[in-house]
Structures are given as structure tokens and as C-alpha cells.
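Each remark here refers to the structure printed beneath this line.
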Amino acid sequence: MITSNGYVLDERPERLGRLEAVPASLRDDRDALWERIRRDGYLYLSGHLDPALVNDFRNYYFGELEPTGLVAPSGVAEGIDADGEIDRGLTRSTLFDEIVPGDQYAALTSHPTIRGWFQWFLGDDVHLHKRRIIRHTRPGESGIGTATQAHYDLVYLREGTDRVLSMWIPLGDCAVETGGLAYLEGSHHRVMAQERAGRLKMPAASITADLPGLADEYDTRWLVNDYTAGDVMVHSAHIVHASTDNVDPARRIRLSTDIRYQRISDPIDWRWQDHWSDEDGL
């Protein structure tokens, strides 16, 4: 069963589909990739990163958080949930004071395989927004406030260019039941049209937690997939996306990060130039 915020997605298969990975034959064709992202709103780059790079960071992350009670002592490498109460104060301080501003996270998010790809794709020197978000979701957590609700990124980036690109990186294998990212098929075309007409100047907020209802409204499908370590998703600031609930029977914690790159010559949203904090108001 695929759920998000408690809403069941796969009760209606006509509203659910699979993401399409970029074929190997197109991976080095920049013009073809631009055509594809304009058409689909996303690029699914399977195996873009060395799985060891991703899994090493996963091990580091859960090793740092083991004292909080988040992971089972014997399950740090796999990120197996300890299935008990956690020390929320220690979790917060470890995440925001150590992991987020730390060298390991910086090395991952600015790795040459990532930064160099954006320089090539954007055809310019690039800027990585300092506000980078990393999330973990425990199995069994559900309801509003757990899985990321439907939204598009531009509503949070109004002070800069709308040509910013996001990269979502699953940090470890992330099958559908573990709670990966889902995209509302073709939604960027409608969002861009409404933005041009001035009808979507909404404040920074999600659209809804009711993903099936939104698919009905847009008359389209939610696209999901089983991600593996090394896969990345690159998407525009206009495509609507959300995350699904973690219902993994093996009790693996879903871990992912989302980062944003843009041309350094484009306007930069100043609000995104400090480390991510749960008190930064975005």
C-alpha cells in the first residue's frame, strides 16, 4: 500500500504511475536533457552518484544520531529504526549544530559529481544555496506533519530566480514503501501558466496533504519509483511534488536530502544563504 499523510494513493491505479529514468543514450546530450526537463519537469538520473558516497554518508548520519535512540545499535549501517522514544533535544542539537553545518554534509552536497554536473548542464558557474535540507522518516510515522505535503519549490524561493533547480538525493536505497518522492505528472505546465497570469502568488506554504484529491483536480497521476543508492532527481521550481509515508516492513528509516543549484549570474534568494534550521521561517 502506498500512502501519504494517511491518504491511500494506490486504491485508484489510474492516478498512479512510474517515473521515467533518462536513458543512457541521452545522459551526455545537454540539449536533449533540457528538452526533457521542459517537457516533464524532472530528470530522473539513475546511478548518477557512486553508491559508496551515498551509503558512507548514511552510515555517518545514523552513527551521529545513535545516542538519541533513533537507530538500533546493531542497525546503524542500515538505518534500522530502534522503535522507541528518542531524545528530541539531542536529535535537534546533533542535526542542526553538527550534521547540517558539518564538513561531511558539505562534501556530499558540493561533490564534483553534483556541482560539476550542474556547471555542465547550466552552462555557467553555479551557486549552491547554503540552506540544504536533510530529512529522515521513521517507519510507521504518518499523518499531516510527517510526509512532505504537495508543493512546488518556487513558493519558498520568491526572492530569487525562478530558474533554480532542485536535486533530491535518496541517501540509501529508497523503495516506494520506504517513502520516496512523488511527482504530479505534468503539473509544472499548469503552475507556470498560472504564475504567468499572476494567479499563484501564494505565500510559502504547501498546497494540500490530500494527494489523491489533487490528482483529480489536475486530472493527472502521481509518479513514483523505487530509488536505489546513487539515484538523483533534478526538478524545476514549478513541478508539484510530495513525499510518501514510510511503511517499510524491514523498519528502515528513509533518509534524503534536497539541495538547490542555480547560475551564479541569476538573482539569488538571500533567505537561503544560511544553514537550514527549524526556526528559519521557511
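So you can find residues: chains in the C-alpha cells are A, B, ... in the order shown, residues in each start at 1, and ligands are numbered from 1 in order.
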Next on the checklist: Taking 3 positions as the minimum chain separation for residues in the same chain, which residues sit within 10 Å of segment 69-80 of chain A when counting only C-alpha atoms? Answer as a ChimeraX atom specification.
Outcome noted: /A:55-56,58-66,83-88,90-91,136,138-139,172-173,250-255
Output N, CA, C and O atoms of each residue in that selection to a file, as a compact mmCIF listing (two decimals), in the first residue's frame.
```
# COMPACT_ATOMS: atom_id res chain seq x y z
N ASN A 55 26.10 5.86 0.67
CA ASN A 55 25.98 4.97 1.83
C ASN A 55 26.96 5.32 2.94
O ASN A 55 26.65 5.14 4.12
N ASP A 56 28.13 5.83 2.58
CA ASP A 56 29.08 6.28 3.61
C ASP A 56 28.48 7.43 4.41
O ASP A 56 28.62 7.49 5.64
N ARG A 58 25.26 8.01 4.77
CA ARG A 58 24.16 7.41 5.54
C ARG A 58 24.69 6.81 6.84
O ARG A 58 24.11 7.02 7.92
N ASN A 59 25.78 6.07 6.75
CA ASN A 59 26.37 5.47 7.95
C ASN A 59 26.81 6.54 8.94
O ASN A 59 26.61 6.41 10.16
N TYR A 60 27.44 7.60 8.41
CA TYR A 60 27.86 8.71 9.28
C TYR A 60 26.66 9.33 9.98
O TYR A 60 26.68 9.57 11.20
N TYR A 61 25.59 9.59 9.23
CA TYR A 61 24.42 10.27 9.78
C TYR A 61 23.81 9.47 10.92
O TYR A 61 23.58 10.00 12.02
N PHE A 62 23.57 8.19 10.68
CA PHE A 62 22.94 7.40 11.72
C PHE A 62 23.89 7.09 12.87
O PHE A 62 23.45 6.89 14.01
N GLY A 63 25.19 7.06 12.60
CA GLY A 63 26.16 6.92 13.68
C GLY A 63 26.13 8.10 14.62
O GLY A 63 26.21 7.94 15.85
N GLU A 64 26.00 9.31 14.03
CA GLU A 64 25.93 10.51 14.86
C GLU A 64 24.65 10.53 15.70
O GLU A 64 24.65 11.03 16.84
N LEU A 65 23.56 10.00 15.15
CA LEU A 65 22.27 10.06 15.85
C LEU A 65 21.97 8.83 16.70
O LEU A 65 20.94 8.78 17.36
N GLU A 66 22.85 7.85 16.69
CA GLU A 66 22.61 6.65 17.51
C GLU A 66 22.39 6.98 18.98
O GLU A 66 21.49 6.40 19.62
N ASP A 83 12.62 1.82 17.18
CA ASP A 83 11.23 1.58 17.55
C ASP A 83 10.97 1.92 19.01
O ASP A 83 10.36 1.16 19.76
N GLY A 84 11.44 3.09 19.41
CA GLY A 84 11.21 3.54 20.78
C GLY A 84 11.24 5.06 20.84
O GLY A 84 11.32 5.76 19.82
N GLU A 85 11.18 5.59 22.03
CA GLU A 85 11.26 7.03 22.23
C GLU A 85 12.67 7.53 21.93
O GLU A 85 13.66 6.84 22.18
N ILE A 86 12.73 8.74 21.37
CA ILE A 86 14.04 9.34 21.10
C ILE A 86 14.21 10.60 21.94
O ILE A 86 13.22 11.19 22.40
N ASP A 87 15.45 10.99 22.13
CA ASP A 87 15.78 12.23 22.82
C ASP A 87 15.68 13.35 21.79
O ASP A 87 16.60 13.56 20.99
N ARG A 88 14.57 14.07 21.80
CA ARG A 88 14.34 15.08 20.76
C ARG A 88 15.29 16.26 20.87
O ARG A 88 15.70 16.84 19.85
N LEU A 90 18.43 16.18 21.99
CA LEU A 90 19.72 15.74 21.47
C LEU A 90 19.66 15.56 19.96
O LEU A 90 20.63 15.89 19.25
N THR A 91 18.53 15.08 19.44
CA THR A 91 18.37 14.95 17.99
C THR A 91 18.48 16.30 17.32
O THR A 91 19.19 16.46 16.31
N HIS A 136 14.89 12.65 7.79
CA HIS A 136 14.69 11.21 7.98
C HIS A 136 13.26 10.98 8.43
O HIS A 136 12.66 11.80 9.13
N ARG A 138 10.83 7.93 10.05
CA ARG A 138 10.80 6.61 10.68
C ARG A 138 9.63 5.79 10.14
O ARG A 138 8.58 6.35 9.80
N PRO A 139 9.76 4.49 10.08
CA PRO A 139 8.63 3.66 9.63
C PRO A 139 7.46 3.77 10.61
O PRO A 139 7.65 3.81 11.82
N GLY A 172 20.65 6.32 0.37
CA GLY A 172 20.46 4.89 0.56
C GLY A 172 19.32 4.41 -0.32
O GLY A 172 18.58 5.22 -0.92
N ASP A 173 19.17 3.11 -0.43
CA ASP A 173 18.05 2.56 -1.20
C ASP A 173 16.73 3.08 -0.61
O ASP A 173 16.56 3.16 0.61
N ALA A 250 10.76 -3.80 6.89
CA ALA A 250 12.08 -4.07 7.46
C ALA A 250 12.52 -2.98 8.43
O ALA A 250 13.62 -3.05 8.99
N ARG A 251 11.67 -1.94 8.61
CA ARG A 251 11.88 -0.85 9.57
C ARG A 251 13.12 -0.02 9.25
O ARG A 251 13.78 0.51 10.13
N ARG A 252 13.42 0.14 7.96
CA ARG A 252 14.49 1.03 7.54
C ARG A 252 13.99 2.47 7.56
O ARG A 252 12.89 2.76 7.09
N ILE A 253 14.81 3.34 8.08
CA ILE A 253 14.47 4.76 8.12
C ILE A 253 14.77 5.38 6.76
O ILE A 253 15.84 5.15 6.19
N ARG A 254 13.82 6.13 6.24
CA ARG A 254 14.06 6.85 4.99
C ARG A 254 14.91 8.08 5.29
O ARG A 254 14.60 8.87 6.17
N LEU A 255 16.01 8.25 4.52
CA LEU A 255 16.89 9.41 4.67
C LEU A 255 17.11 10.02 3.30
O LEU A 255 17.39 9.31 2.33
```
Next on the checklist: Need the shell around Met233 of chain A: protein/DNA/RNA residues with any atom at most 7 Å away, counting only C-alpha atoms. Skip same-chain ones fewer than 6 positions apart. Format as a ChimeraX atom specification?
Outcome noted: /A:42-45,167-169
Convert the current residue selection to file output with all heavy atoms, as a PDB file, in the first residue's frame.
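And here is the file that came out, again.pdb:
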```
ATOM      1  N   TYR A  42      11.139  17.175 -14.661  1.00  0.00           N
ATOM      2  CA  TYR A  42      12.127  16.479 -13.842  1.00  0.00           C
ATOM      3  C   TYR A  42      13.079  15.688 -14.727  1.00  0.00           C
ATOM      4  O   TYR A  42      12.775  15.370 -15.885  1.00  0.00           O
ATOM      5  CB  TYR A  42      11.448  15.522 -12.856  1.00  0.00           C
ATOM      6  CG  TYR A  42      10.807  14.309 -13.520  1.00  0.00           C
ATOM      7  CD1 TYR A  42      11.556  13.155 -13.789  1.00  0.00           C
ATOM      8  CD2 TYR A  42       9.458  14.302 -13.886  1.00  0.00           C
ATOM      9  CE1 TYR A  42      10.979  12.047 -14.408  1.00  0.00           C
ATOM     10  CE2 TYR A  42       8.874  13.202 -14.496  1.00  0.00           C
ATOM     11  CZ  TYR A  42       9.644  12.075 -14.754  1.00  0.00           C
ATOM     12  OH  TYR A  42       9.077  10.982 -15.376  1.00  0.00           O
ATOM     13  N   LEU A  43      14.238  15.366 -14.153  1.00  0.00           N
ATOM     14  CA  LEU A  43      15.184  14.423 -14.740  1.00  0.00           C
ATOM     15  C   LEU A  43      15.485  13.369 -13.691  1.00  0.00           C
ATOM     16  O   LEU A  43      15.967  13.691 -12.601  1.00  0.00           O
ATOM     17  CB  LEU A  43      16.494  15.122 -15.142  1.00  0.00           C
ATOM     18  CG  LEU A  43      16.434  16.182 -16.222  1.00  0.00           C
ATOM     19  CD1 LEU A  43      17.793  16.869 -16.355  1.00  0.00           C
ATOM     20  CD2 LEU A  43      15.999  15.585 -17.557  1.00  0.00           C
ATOM     21  N   TYR A  44      15.176  12.127 -14.015  1.00  0.00           N
ATOM     22  CA  TYR A  44      15.491  11.013 -13.130  1.00  0.00           C
ATOM     23  C   TYR A  44      16.807  10.419 -13.624  1.00  0.00           C
ATOM     24  O   TYR A  44      16.851   9.750 -14.649  1.00  0.00           O
ATOM     25  CB  TYR A  44      14.353   9.997 -13.168  1.00  0.00           C
ATOM     26  CG  TYR A  44      14.553   8.735 -12.350  1.00  0.00           C
ATOM     27  CD1 TYR A  44      15.545   8.634 -11.370  1.00  0.00           C
ATOM     28  CD2 TYR A  44      13.706   7.647 -12.537  1.00  0.00           C
ATOM     29  CE1 TYR A  44      15.703   7.488 -10.630  1.00  0.00           C
ATOM     30  CE2 TYR A  44      13.851   6.484 -11.789  1.00  0.00           C
ATOM     31  CZ  TYR A  44      14.858   6.412 -10.840  1.00  0.00           C
ATOM     32  OH  TYR A  44      15.016   5.267 -10.103  1.00  0.00           O
ATOM     33  N   LEU A  45      17.889  10.701 -12.879  1.00  0.00           N
ATOM     34  CA  LEU A  45      19.226  10.257 -13.255  1.00  0.00           C
ATOM     35  C   LEU A  45      19.601   9.067 -12.375  1.00  0.00           C
ATOM     36  O   LEU A  45      20.116   9.224 -11.262  1.00  0.00           O
ATOM     37  CB  LEU A  45      20.236  11.398 -13.087  1.00  0.00           C
ATOM     38  CG  LEU A  45      19.927  12.684 -13.871  1.00  0.00           C
ATOM     39  CD1 LEU A  45      20.948  13.768 -13.529  1.00  0.00           C
ATOM     40  CD2 LEU A  45      19.898  12.424 -15.372  1.00  0.00           C
ATOM     41  N   MET A 167      17.811  19.362  -6.520  1.00  0.00           N
ATOM     42  CA  MET A 167      18.226  17.969  -6.635  1.00  0.00           C
ATOM     43  C   MET A 167      17.820  17.261  -5.353  1.00  0.00           C
ATOM     44  O   MET A 167      18.207  17.668  -4.263  1.00  0.00           O
ATOM     45  CB  MET A 167      19.733  17.836  -6.849  1.00  0.00           C
ATOM     46  CG  MET A 167      20.212  16.373  -6.893  1.00  0.00           C
ATOM     47  SD  MET A 167      22.000  16.179  -7.164  1.00  0.00           S
ATOM     48  CE  MET A 167      22.067  16.319  -8.959  1.00  0.00           C
ATOM     49  N   TRP A 168      17.018  16.216  -5.516  1.00  0.00           N
ATOM     50  CA  TRP A 168      16.631  15.378  -4.385  1.00  0.00           C
ATOM     51  C   TRP A 168      17.457  14.100  -4.450  1.00  0.00           C
ATOM     52  O   TRP A 168      17.525  13.439  -5.493  1.00  0.00           O
ATOM     53  CB  TRP A 168      15.142  15.049  -4.441  1.00  0.00           C
ATOM     54  CG  TRP A 168      14.666  14.194  -3.303  1.00  0.00           C
ATOM     55  CD1 TRP A 168      14.400  14.598  -2.029  1.00  0.00           C
ATOM     56  CD2 TRP A 168      14.405  12.786  -3.337  1.00  0.00           C
ATOM     57  NE1 TRP A 168      13.981  13.525  -1.259  1.00  0.00           N
ATOM     58  CE2 TRP A 168      13.979  12.399  -2.046  1.00  0.00           C
ATOM     59  CE3 TRP A 168      14.488  11.819  -4.329  1.00  0.00           C
ATOM     60  CZ2 TRP A 168      13.637  11.091  -1.730  1.00  0.00           C
ATOM     61  CZ3 TRP A 168      14.150  10.504  -4.021  1.00  0.00           C
ATOM     62  CH2 TRP A 168      13.727  10.147  -2.731  1.00  0.00           C
ATOM     63  N   ILE A 169      18.115  13.787  -3.326  1.00  0.00           N
ATOM     64  CA  ILE A 169      19.024  12.648  -3.282  1.00  0.00           C
ATOM     65  C   ILE A 169      18.555  11.677  -2.204  1.00  0.00           C
ATOM     66  O   ILE A 169      18.608  12.003  -1.005  1.00  0.00           O
ATOM     67  CB  ILE A 169      20.464  13.090  -2.964  1.00  0.00           C
ATOM     68  CG1 ILE A 169      20.908  14.219  -3.893  1.00  0.00           C
ATOM     69  CG2 ILE A 169      21.427  11.903  -3.049  1.00  0.00           C
ATOM     70  CD1 ILE A 169      22.248  14.842  -3.490  1.00  0.00           C
TER      71      ILE A 169
END
```
Checklist entry - Do you know which residues are at most 8 Å from Arg132 of chain A counting only C-alpha atoms, after dropping those on the same chain fewer than 4 positions away, and could you put them as a list in words? => result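 Here the answer would be Val100, Thr257, Asp258, Ile259, Arg260, His275 and Trp276 of chain A.
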Next on the checklist: Env of Val247 of chain A: 8 Å cut, atoms = only C-alpha atoms, seq-sep filter 6 positions within chain, self excluded. Answer as a list of chain:residue names.
Outcome noted: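 Skipping anything fewer than 6 positions along the chain leaves A:Pro139, A:Gly140, A:Glu177, A:Thr178, A:Gly179.
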Save out the residues we just selected, N, CA and C atoms, as a PDB file, in the first residue's frame.
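Just written: out-v1.pdb:
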```pdb
ATOM      1  N   PRO A 139       9.756   4.489  10.076  1.00  0.00           N
ATOM      2  CA  PRO A 139       8.626   3.657   9.634  1.00  0.00           C
ATOM      3  C   PRO A 139       7.463   3.769  10.610  1.00  0.00           C
ATOM      4  N   GLY A 140       6.279   3.838  10.041  1.00  0.00           N
ATOM      5  CA  GLY A 140       5.080   3.937  10.869  1.00  0.00           C
ATOM      6  C   GLY A 140       4.644   5.353  11.157  1.00  0.00           C
ATOM      7  N   GLU A 177       7.850   1.742  -0.605  1.00  0.00           N
ATOM      8  CA  GLU A 177       7.321   1.555   0.747  1.00  0.00           C
ATOM      9  C   GLU A 177       8.150   2.260   1.821  1.00  0.00           C
ATOM     10  N   THR A 178       9.345   2.719   1.451  1.00  0.00           N
ATOM     11  CA  THR A 178      10.177   3.447   2.411  1.00  0.00           C
ATOM     12  C   THR A 178       9.858   4.937   2.432  1.00  0.00           C
ATOM     13  N   GLY A 179       9.131   5.410   1.433  1.00  0.00           N
ATOM     14  CA  GLY A 179       8.668   6.794   1.483  1.00  0.00           C
ATOM     15  C   GLY A 179       9.442   7.754   0.620  1.00  0.00           C
TER      16      GLY A 179
END
```
Checklist entry - Interatomic distance between atom CA of His111 of chain A and atom CA of Arg36 of chain A? => result 24.3 Å
Item to check | strand (DSSP E) positions in segment 60-214 of chain A, given as a list in words | outcome: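 Filtering segment 60-214 of chain A to strand (DSSP E) leaves Val126, His127, Leu128, Ile133, Ile134, Arg135, His136, Thr137, Leu165, Ser166, Met167, Trp168, Ile169, Pro170, Leu181, Ala182, Tyr183 and Leu184 of chain A.
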Selected residues written out, all heavy atoms, as a short mmCIF file (atom, residue, chain, number, x, y, z; two decimals), in the first residue's frame:
```
data_model
loop_
_atom_site.label_atom_id
_atom_site.label_comp_id
_atom_site.auth_asym_id
_atom_site.auth_seq_id
_atom_site.Cartn_x
_atom_site.Cartn_y
_atom_site.Cartn_z
N VAL A 126 28.16 28.08 -11.00
CA VAL A 126 26.91 27.84 -10.28
C VAL A 126 27.04 28.20 -8.81
O VAL A 126 28.14 28.30 -8.25
CB VAL A 126 26.47 26.36 -10.41
CG1 VAL A 126 26.11 26.04 -11.85
CG2 VAL A 126 27.56 25.41 -9.90
N HIS A 127 25.89 28.39 -8.21
CA HIS A 127 25.77 28.70 -6.78
C HIS A 127 24.93 27.64 -6.11
O HIS A 127 23.81 27.34 -6.56
CB HIS A 127 25.13 30.08 -6.60
CG HIS A 127 24.82 30.41 -5.17
ND1 HIS A 127 25.79 30.77 -4.26
CD2 HIS A 127 23.64 30.43 -4.49
CE1 HIS A 127 25.23 31.01 -3.09
NE2 HIS A 127 23.93 30.80 -3.19
N LEU A 128 25.46 27.05 -5.05
CA LEU A 128 24.71 26.12 -4.21
C LEU A 128 24.13 26.88 -3.03
O LEU A 128 24.88 27.49 -2.26
CB LEU A 128 25.63 25.00 -3.71
CG LEU A 128 25.09 24.10 -2.59
CD1 LEU A 128 23.84 23.34 -3.05
CD2 LEU A 128 26.16 23.13 -2.10
N ILE A 133 18.53 20.92 2.99
CA ILE A 133 17.62 20.25 3.91
C ILE A 133 17.87 18.75 3.90
O ILE A 133 17.99 18.15 2.83
CB ILE A 133 16.16 20.55 3.53
CG1 ILE A 133 15.91 22.06 3.56
CG2 ILE A 133 15.20 19.83 4.47
CD1 ILE A 133 14.57 22.48 2.99
N ILE A 134 17.97 18.17 5.08
CA ILE A 134 18.14 16.73 5.20
C ILE A 134 17.04 16.20 6.13
O ILE A 134 16.76 16.80 7.17
CB ILE A 134 19.55 16.38 5.72
CG1 ILE A 134 19.77 14.87 5.70
CG2 ILE A 134 19.83 16.97 7.09
CD1 ILE A 134 21.23 14.48 5.88
N ARG A 135 16.40 15.12 5.70
CA ARG A 135 15.25 14.61 6.46
C ARG A 135 15.35 13.10 6.65
O ARG A 135 15.82 12.39 5.76
CB ARG A 135 13.94 14.90 5.70
CG ARG A 135 13.58 16.35 5.54
CD ARG A 135 12.20 16.47 4.91
NE ARG A 135 11.72 17.84 4.81
CZ ARG A 135 11.88 18.59 3.73
NH1 ARG A 135 12.49 18.10 2.67
NH2 ARG A 135 11.41 19.83 3.70
N HIS A 136 14.89 12.65 7.79
CA HIS A 136 14.69 11.21 7.98
C HIS A 136 13.26 10.98 8.43
O HIS A 136 12.66 11.80 9.13
CB HIS A 136 15.69 10.63 8.99
CG HIS A 136 15.52 11.11 10.40
ND1 HIS A 136 16.34 12.05 10.97
CD2 HIS A 136 14.63 10.76 11.37
CE1 HIS A 136 15.97 12.28 12.21
NE2 HIS A 136 14.92 11.51 12.49
N THR A 137 12.69 9.87 7.97
CA THR A 137 11.32 9.50 8.32
C THR A 137 11.32 8.08 8.85
O THR A 137 11.76 7.15 8.17
CB THR A 137 10.38 9.59 7.10
OG1 THR A 137 10.47 10.90 6.54
CG2 THR A 137 8.95 9.31 7.51
N LEU A 165 17.21 25.10 -9.81
CA LEU A 165 16.92 23.68 -9.95
C LEU A 165 17.18 22.97 -8.63
O LEU A 165 18.18 23.25 -7.95
CB LEU A 165 17.78 23.05 -11.04
CG LEU A 165 17.50 23.49 -12.47
CD1 LEU A 165 18.53 22.88 -13.42
CD2 LEU A 165 16.08 23.10 -12.90
N SER A 166 16.29 22.09 -8.27
CA SER A 166 16.46 21.29 -7.05
C SER A 166 16.99 19.91 -7.41
O SER A 166 16.65 19.35 -8.46
CB SER A 166 15.12 21.13 -6.32
OG SER A 166 14.61 22.38 -5.90
N MET A 167 17.81 19.36 -6.52
CA MET A 167 18.23 17.97 -6.64
C MET A 167 17.82 17.26 -5.35
O MET A 167 18.21 17.67 -4.26
CB MET A 167 19.73 17.84 -6.85
CG MET A 167 20.21 16.37 -6.89
SD MET A 167 22.00 16.18 -7.16
CE MET A 167 22.07 16.32 -8.96
N TRP A 168 17.02 16.22 -5.52
CA TRP A 168 16.63 15.38 -4.39
C TRP A 168 17.46 14.10 -4.45
O TRP A 168 17.52 13.44 -5.49
CB TRP A 168 15.14 15.05 -4.44
CG TRP A 168 14.67 14.19 -3.30
CD1 TRP A 168 14.40 14.60 -2.03
CD2 TRP A 168 14.41 12.79 -3.34
NE1 TRP A 168 13.98 13.53 -1.26
CE2 TRP A 168 13.98 12.40 -2.05
CE3 TRP A 168 14.49 11.82 -4.33
CZ2 TRP A 168 13.64 11.09 -1.73
CZ3 TRP A 168 14.15 10.50 -4.02
CH2 TRP A 168 13.73 10.15 -2.73
N ILE A 169 18.12 13.79 -3.33
CA ILE A 169 19.02 12.65 -3.28
C ILE A 169 18.55 11.68 -2.20
O ILE A 169 18.61 12.00 -1.00
CB ILE A 169 20.46 13.09 -2.96
CG1 ILE A 169 20.91 14.22 -3.89
CG2 ILE A 169 21.43 11.90 -3.05
CD1 ILE A 169 22.25 14.84 -3.49
N PRO A 170 18.09 10.48 -2.59
CA PRO A 170 17.82 9.47 -1.56
C PRO A 170 19.15 8.96 -1.02
O PRO A 170 20.01 8.53 -1.77
CB PRO A 170 17.07 8.39 -2.34
CG PRO A 170 17.49 8.56 -3.76
CD PRO A 170 17.80 10.02 -3.96
N LEU A 181 10.07 10.26 -2.99
CA LEU A 181 9.42 11.44 -3.53
C LEU A 181 8.49 11.04 -4.68
O LEU A 181 8.79 10.15 -5.47
CB LEU A 181 10.47 12.43 -4.06
CG LEU A 181 10.14 13.92 -3.92
CD1 LEU A 181 9.94 14.29 -2.46
CD2 LEU A 181 11.26 14.77 -4.52
N ALA A 182 7.34 11.71 -4.75
CA ALA A 182 6.36 11.51 -5.82
C ALA A 182 6.14 12.84 -6.53
O ALA A 182 6.13 13.90 -5.91
CB ALA A 182 5.04 11.00 -5.24
N TYR A 183 5.94 12.77 -7.85
CA TYR A 183 5.76 13.97 -8.67
C TYR A 183 4.39 13.93 -9.35
O TYR A 183 3.96 12.89 -9.85
CB TYR A 183 6.84 14.04 -9.75
CG TYR A 183 8.22 14.34 -9.20
CD1 TYR A 183 9.03 13.31 -8.73
CD2 TYR A 183 8.70 15.63 -9.14
CE1 TYR A 183 10.29 13.58 -8.21
CE2 TYR A 183 9.96 15.92 -8.63
CZ TYR A 183 10.74 14.89 -8.16
OH TYR A 183 11.99 15.15 -7.64
N LEU A 184 3.72 15.09 -9.37
CA LEU A 184 2.43 15.20 -10.02
C LEU A 184 2.66 15.44 -11.50
O LEU A 184 3.12 16.51 -11.91
CB LEU A 184 1.61 16.32 -9.39
CG LEU A 184 0.14 16.40 -9.79
CD1 LEU A 184 -0.61 15.12 -9.42
CD2 LEU A 184 -0.53 17.60 -9.12
#
```
Checklist entry - Quick one, how far is atom CA of Trp222 of chain A from atom CA of Leu16 of chain A? => result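 These atoms are spaced 4.9 Å apart.
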Next on the checklist: Taking the DSSP secondary structure from the backbone, can you list the residues of segment 5-40 of chain A that are alpha helix (DSSP H), as number ranges by chain?
Outcome noted: A: 30-40
Selection file, all heavy atoms, as a tab-separated table (two decimals), in the first residue's frame:
```tsv
chain	number	residue	atom	x	y	z
A	30	ARG	N	23.12	17.48	-23.62
A	30	ARG	CA	22.55	18.56	-22.81
A	30	ARG	C	21.26	19.10	-23.42
A	30	ARG	O	20.30	19.38	-22.70
A	30	ARG	CB	23.58	19.68	-22.64
A	30	ARG	CG	23.10	20.80	-21.72
A	30	ARG	CD	24.25	21.69	-21.30
A	30	ARG	NE	24.98	22.23	-22.44
A	30	ARG	CZ	26.12	22.90	-22.36
A	30	ARG	NH1	26.68	23.10	-21.16
A	30	ARG	NH2	26.73	23.36	-23.43
A	31	ASP	N	21.23	19.26	-24.73
A	31	ASP	CA	20.02	19.78	-25.38
A	31	ASP	C	18.83	18.84	-25.16
A	31	ASP	O	17.71	19.29	-24.90
A	31	ASP	CB	20.26	19.99	-26.87
A	31	ASP	CG	21.22	21.14	-27.16
A	31	ASP	OD1	21.38	22.00	-26.27
A	31	ASP	OD2	21.79	21.18	-28.26
A	32	ALA	N	19.11	17.54	-25.26
A	32	ALA	CA	18.03	16.56	-25.06
A	32	ALA	C	17.54	16.59	-23.61
A	32	ALA	O	16.34	16.44	-23.35
A	32	ALA	CB	18.52	15.17	-25.42
A	33	LEU	N	18.46	16.79	-22.67
A	33	LEU	CA	18.06	16.86	-21.26
A	33	LEU	C	17.22	18.11	-21.00
A	33	LEU	O	16.24	18.05	-20.24
A	33	LEU	CB	19.29	16.84	-20.36
A	33	LEU	CG	20.11	15.56	-20.35
A	33	LEU	CD1	21.27	15.66	-19.37
A	33	LEU	CD2	19.24	14.35	-20.02
A	34	TRP	N	17.58	19.23	-21.61
A	34	TRP	CA	16.78	20.44	-21.44
A	34	TRP	C	15.38	20.26	-22.03
A	34	TRP	O	14.38	20.67	-21.44
A	34	TRP	CB	17.48	21.65	-22.08
A	34	TRP	CG	18.42	22.32	-21.14
A	34	TRP	CD1	19.78	22.39	-21.23
A	34	TRP	CD2	18.07	23.03	-19.95
A	34	TRP	NE1	20.31	23.08	-20.17
A	34	TRP	CE2	19.29	23.50	-19.37
A	34	TRP	CE3	16.88	23.32	-19.30
A	34	TRP	CZ2	19.32	24.23	-18.18
A	34	TRP	CZ3	16.90	24.05	-18.12
A	34	TRP	CH2	18.11	24.49	-17.57
A	35	GLU	N	15.33	19.62	-23.19
A	35	GLU	CA	14.02	19.35	-23.78
A	35	GLU	C	13.19	18.47	-22.86
A	35	GLU	O	11.97	18.67	-22.70
A	35	GLU	CB	14.22	18.67	-25.14
A	35	GLU	CG	12.92	18.36	-25.87
A	35	GLU	CD	13.16	17.70	-27.21
A	35	GLU	OE1	14.32	17.68	-27.69
A	35	GLU	OE2	12.18	17.19	-27.79
A	36	ARG	N	13.85	17.53	-22.24
A	36	ARG	CA	13.16	16.58	-21.37
A	36	ARG	C	12.65	17.26	-20.10
A	36	ARG	O	11.51	17.03	-19.68
A	36	ARG	CB	14.12	15.44	-21.03
A	36	ARG	CG	13.46	14.20	-20.46
A	36	ARG	CD	14.51	13.12	-20.24
A	36	ARG	NE	13.92	11.89	-19.77
A	36	ARG	CZ	13.51	10.90	-20.56
A	36	ARG	NH1	13.65	11.01	-21.86
A	36	ARG	NH2	12.97	9.81	-20.05
A	37	ILE	N	13.47	18.10	-19.48
A	37	ILE	CA	13.04	18.73	-18.24
A	37	ILE	C	11.95	19.77	-18.51
A	37	ILE	O	11.06	19.98	-17.68
A	37	ILE	CB	14.23	19.34	-17.46
A	37	ILE	CG1	13.83	19.55	-15.98
A	37	ILE	CG2	14.71	20.65	-18.08
A	37	ILE	CD1	14.99	19.89	-15.08
A	38	ARG	N	12.00	20.40	-19.69
A	38	ARG	CA	10.90	21.31	-20.04
A	38	ARG	C	9.60	20.54	-20.25
A	38	ARG	O	8.52	21.01	-19.88
A	38	ARG	CB	11.26	22.10	-21.30
A	38	ARG	CG	12.38	23.12	-21.10
A	38	ARG	CD	12.59	23.98	-22.33
A	38	ARG	NE	13.73	24.88	-22.16
A	38	ARG	CZ	14.91	24.71	-22.76
A	38	ARG	NH1	15.09	23.68	-23.59
A	38	ARG	NH2	15.90	25.55	-22.55
A	39	ARG	N	9.70	19.36	-20.82
A	39	ARG	CA	8.52	18.54	-21.08
A	39	ARG	C	7.97	17.91	-19.80
A	39	ARG	O	6.77	17.97	-19.52
A	39	ARG	CB	8.87	17.43	-22.07
A	39	ARG	CG	7.70	16.53	-22.46
A	39	ARG	CD	8.21	15.29	-23.19
A	39	ARG	NE	8.89	14.37	-22.28
A	39	ARG	CZ	9.63	13.34	-22.68
A	39	ARG	NH1	9.82	13.11	-23.98
A	39	ARG	NH2	10.21	12.55	-21.80
A	40	ASP	N	8.87	17.30	-19.00
A	40	ASP	CA	8.44	16.50	-17.85
A	40	ASP	C	8.53	17.23	-16.52
A	40	ASP	O	7.89	16.82	-15.54
A	40	ASP	CB	9.29	15.23	-17.75
A	40	ASP	CG	9.13	14.33	-18.97
A	40	ASP	OD1	8.11	14.45	-19.67
A	40	ASP	OD2	10.04	13.51	-19.23
```
Checklist entry - A:Thr113, A:Gln273, A:Asn5, A:Thr68: which is nearest Glu159 of chain A, counting only C-alpha atoms? => result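 Nearest to Glu159 of chain A: A:Gln273.
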Checklist entry - Hey, which of A:Trp117, A:Gly123, A:Ile207, A:Gly160 ends up closest to Trp272 of chain A? Count only C-alpha atoms. => result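 With only C-alpha atoms as the atom set, the closest residue is A:Gly160.
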